[in-house]
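Remarks on the structure that follows.
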Amino acid sequence: MKTVSIVQVAIGGYGGFYVSAYLDNDVPGIEVVGVVDPHPEGCERLDELKAANIPVFDSLDAFYAERGADIAVLASPIQYHLPQTKTALANGSHVLCEKPLGATVQEVGEMIAARDAAQLSVAIGYQKSFSIGIQQLKADMMAGRFGAPRRLKTIALWPRAQGYYDRNNWAGKMRDSAGNWVLDSPANNAAAHYLHNMLYLLGPKVDRSAKPVAITAELYRANQISGFDTVATRIQTDCGAEILFYSSHAADGGIYGPAFEFEFEEGLVTHISEGEMTAHSNGSIIETYGDVDSDICKIEDIVRVAREGGTPLCGPEAAGAHTLCINGMHESMPEIQEFAPERIGEIYLDEERTPSQRVLEVAGLGDVMHSCFRNGMLPAEQGVEWAVAGNLIDISNYTNFPKDPAAFI
């Protein structure tokens, strides 16, 4: 078996998952030939990397000046995904880029063009798309096992403390300090997997997602950020199925989800948090699917591509549908709505009431989101007092974010 060489970009935060996978030999037949991070001290296992004689570089250019790699794995911030992918491809490496692909639909096109010019492969790390369970379900859906899909809906309510937003200089922001679009939000970061998962499952091929053609979104915030921390959105797809997505970092009631219900002509597929994903028909379970949460699968897949050739299960074309939806959400509601101060309370995750452990909660928001999920509606459609309806946006031929720059100054 051919040993595949890897350079890991970013080793703190989620990059630490990759570091542990390498050091713990979770993926056989690979060799880490370098790691890249301008602040490597953020890696909890840095001493082990050094003990393994894995060199540390402060930039990807510095790495390629000395070495090469079969694969570059990128766990860097959103705004670096495209330029680092281009650098890796230009230096002969396949790429596994963490989700999301980028912030704008323009970046999707640029990444595809760079990949095609290099004649290499790019995978985007929505791990659910690579998992055994999702691949099994997608195969059943493409085969028409449950009839035509009607409505797919997902809810993920994940409170986040102030430390989540203070952990870097772009969390919760529309742009970074250099003016680059980031569009960070629950839908484009923490819960992005679950929105993408619905688009991906509806795709007509293994490596494709359904194309979003219209979107309505309600975007809100309780935290002092420029982006949104709460979203409810309806997406129409080219296959005729409707997608509903609800997520918040400021809902009261604690952590819930992800939970989803996928409705078909002849069946229903459900999943709640760490439980099994099951298919139902006429009130009975007819299928129980495999693991839907393995992070290792995406590494295994890009290693397979580097070793044997072929196409990643989830590349830029599949991931681009999610980016299109994110841009469409912002176009639907360019001015993010702020929850009234009197609706916002706070709790602390520690007894010392450390500022970084403060969580803002909007009273009643959890119940509203659950009700919307059950009824397949958006808050404004339910007549919620504080809700503001977003505009219906046609994104069937949308090619540039933002359509009106003046709306996002």
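Within each chain, counting starts at residue 1; across the structure tokens, chains are named A, B, ... in the order shown, with ligands numbered 1 upward in that order.
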Close residues, A:Glu218 itself excluded, 9 Å, only C-alpha atoms, min 6 positions apart in chain, as a list in words: Thr230, Val231, Ala232, Thr233, Met329, Ser332, Met333, Ile336, Gln337, Leu378, Pro379, Ala380, Ala387, Val388, Ala389, Gly390 and Asn391 of chain A
Would you save the residues from that selection as an mmCIF file, in the first residue's frame, using N, CA and C atoms?
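Result written to selection.cif:
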data_model
loop_
_atom_site.group_PDB
_atom_site.id
_atom_site.type_symbol
_atom_site.label_atom_id
_atom_site.label_comp_id
_atom_site.auth_asym_id
_atom_site.auth_seq_id
_atom_site.Cartn_x
_atom_site.Cartn_y
_atom_site.Cartn_z
ATOM 1 N N THR A 230 -29.024 33.441 15.120
ATOM 2 C CA THR A 230 -30.285 32.701 15.051
ATOM 3 C C THR A 230 -30.825 32.778 13.634
ATOM 4 N N VAL A 231 -31.271 31.629 13.103
ATOM 5 C CA VAL A 231 -31.774 31.590 11.734
ATOM 6 C C VAL A 231 -32.926 30.607 11.610
ATOM 7 N N ALA A 232 -33.909 31.011 10.826
ATOM 8 C CA ALA A 232 -34.962 30.104 10.368
ATOM 9 C C ALA A 232 -35.124 30.370 8.876
ATOM 10 N N THR A 233 -35.041 29.312 8.070
ATOM 11 C CA THR A 233 -35.042 29.530 6.624
ATOM 12 C C THR A 233 -35.780 28.426 5.890
ATOM 13 N N MET A 329 -29.461 33.642 2.126
ATOM 14 C CA MET A 329 -30.011 34.056 3.416
ATOM 15 C C MET A 329 -29.748 35.535 3.666
ATOM 16 N N SER A 332 -31.820 37.702 1.539
ATOM 17 C CA SER A 332 -33.213 37.702 1.973
ATOM 18 C C SER A 332 -33.443 38.690 3.111
ATOM 19 N N MET A 333 -32.453 38.828 3.986
ATOM 20 C CA MET A 333 -32.570 39.763 5.108
ATOM 21 C C MET A 333 -31.231 40.464 5.318
ATOM 22 N N ILE A 336 -29.826 42.365 9.573
ATOM 23 C CA ILE A 336 -30.112 41.356 10.595
ATOM 24 C C ILE A 336 -30.889 41.990 11.734
ATOM 25 N N GLN A 337 -31.944 41.328 12.171
ATOM 26 C CA GLN A 337 -32.810 41.860 13.218
ATOM 27 C C GLN A 337 -32.223 41.583 14.601
ATOM 28 N N LEU A 378 -41.945 29.322 9.371
ATOM 29 C CA LEU A 378 -40.985 30.290 9.877
ATOM 30 C C LEU A 378 -41.663 31.133 10.956
ATOM 31 N N PRO A 379 -40.898 31.753 11.863
ATOM 32 C CA PRO A 379 -41.525 32.506 12.961
ATOM 33 C C PRO A 379 -42.534 33.547 12.502
ATOM 34 N N ALA A 380 -42.215 34.308 11.447
ATOM 35 C CA ALA A 380 -43.151 35.329 10.965
ATOM 36 C C ALA A 380 -44.431 34.704 10.442
ATOM 37 N N ALA A 387 -41.122 38.531 15.329
ATOM 38 C CA ALA A 387 -40.587 38.021 14.059
ATOM 39 C C ALA A 387 -40.757 39.030 12.927
ATOM 40 N N VAL A 388 -39.780 39.008 12.014
ATOM 41 C CA VAL A 388 -39.794 39.845 10.820
ATOM 42 C C VAL A 388 -39.593 38.942 9.612
ATOM 43 N N ALA A 389 -40.454 39.041 8.636
ATOM 44 C CA ALA A 389 -40.370 38.175 7.459
ATOM 45 C C ALA A 389 -39.230 38.615 6.548
ATOM 46 N N GLY A 390 -38.487 37.636 6.038
ATOM 47 C CA GLY A 390 -37.469 37.928 5.039
ATOM 48 C C GLY A 390 -38.079 37.971 3.653
ATOM 49 N N ASN A 391 -37.326 38.493 2.702
ATOM 50 C CA ASN A 391 -37.779 38.550 1.317
ATOM 51 C C ASN A 391 -37.560 37.204 0.627
#
At a cut-off of 9 Å, can you tabulate as CSV every residue of stretch 79-179 of chain A near stretch 55-74 of chain A together with its closest atom pair and the distance in Å to one decimal, using only C-alpha atoms and ordering rows by chain then number?
residue,atom,partner,partner_atom,distance
A:Tyr80,CA,A:Leu74,CA,8.9
A:His81,CA,A:Leu74,CA,7.1
A:Gln84,CA,A:Leu60,CA,7.3
A:Thr85,CA,A:Leu74,CA,7.8
A:Thr87,CA,A:Asp61,CA,7.5
A:Ala88,CA,A:Ala72,CA,6.3
A:Leu89,CA,A:Ala72,CA,8.6
A:Asn91,CA,A:Tyr64,CA,7.0
A:Gly92,CA,A:Asp70,CA,7.2
A:Ser93,CA,A:Ile71,CA,4.8
A:His94,CA,A:Ile71,CA,4.6
A:Val95,CA,A:Ala72,CA,4.9
A:Leu96,CA,A:Val73,CA,4.7
A:Cys97,CA,A:Leu74,CA,4.7
A:Glu98,CA,A:Leu74,CA,5.9
Write the selection just made, keeping C-alpha atoms, as a short mmCIF file (atom, residue, chain, number, x, y, z; two decimals), in the first residue's frame?
data_model
loop_
_atom_site.label_atom_id
_atom_site.label_comp_id
_atom_site.auth_asym_id
_atom_site.auth_seq_id
_atom_site.Cartn_x
_atom_site.Cartn_y
_atom_site.Cartn_z
CA TYR A 80 -8.27 31.39 4.02
CA HIS A 81 -9.89 28.35 2.43
CA GLN A 84 -4.72 28.12 0.62
CA THR A 85 -6.49 25.65 -1.65
CA THR A 87 -1.56 27.37 -3.13
CA ALA A 88 -1.79 23.66 -2.39
CA LEU A 89 -3.09 22.79 -5.86
CA ASN A 91 2.19 22.90 -5.60
CA GLY A 92 0.81 19.50 -6.65
CA SER A 93 -1.28 18.54 -3.60
CA HIS A 94 -4.79 17.21 -3.49
CA VAL A 95 -6.84 19.12 -0.91
CA LEU A 96 -9.18 18.31 1.93
CA CYS A 97 -10.58 21.71 2.92
CA GLU A 98 -12.70 22.06 6.04
#
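The coordinates place atom CA of A:Ala251 at 22.6 Å from atom CA of A:Asn168.
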Please list as a ChimeraX atom specification every residue within 12 Å of stretch 246-248 of chain A, counting only C-alpha atoms and excluding residues in the same chain fewer than 6 positions away. /A:152-160,185-195,217-223,228-235,254-260,360-362,365-374,376-379
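Of the listed residues A:Gly364, A:Ala171, A:Phe130, A:Lys298, the one whose atoms come nearest to A:Val384 is A:Gly364, with distances taken using only C-alpha atoms.
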Quick one, how far is atom CA of A:Ala113 from atom CA of A:His322? 18.3 Å
Backbone-only DSSP, alpha helix (DSSP H) members of stretch 50-262 of chain A, as a PyMOL selection string: chain A and resi 50-51+60-66+81-90+105-118+127-130+132-142+162-166+192-201
Using only C-alpha atoms, pick whichever of A:Thr323, A:Asn397, A:Ser5, A:Asn282 has the shortest atom-to-atom distance to A:Thr104. A:Thr323
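For the residues A:Leu120, A:Ala406, A:Ile6, A:Met141, ranking by smallest atom-to-atom distance to A:Pro312 using only C-alpha atoms places A:Leu120 first.
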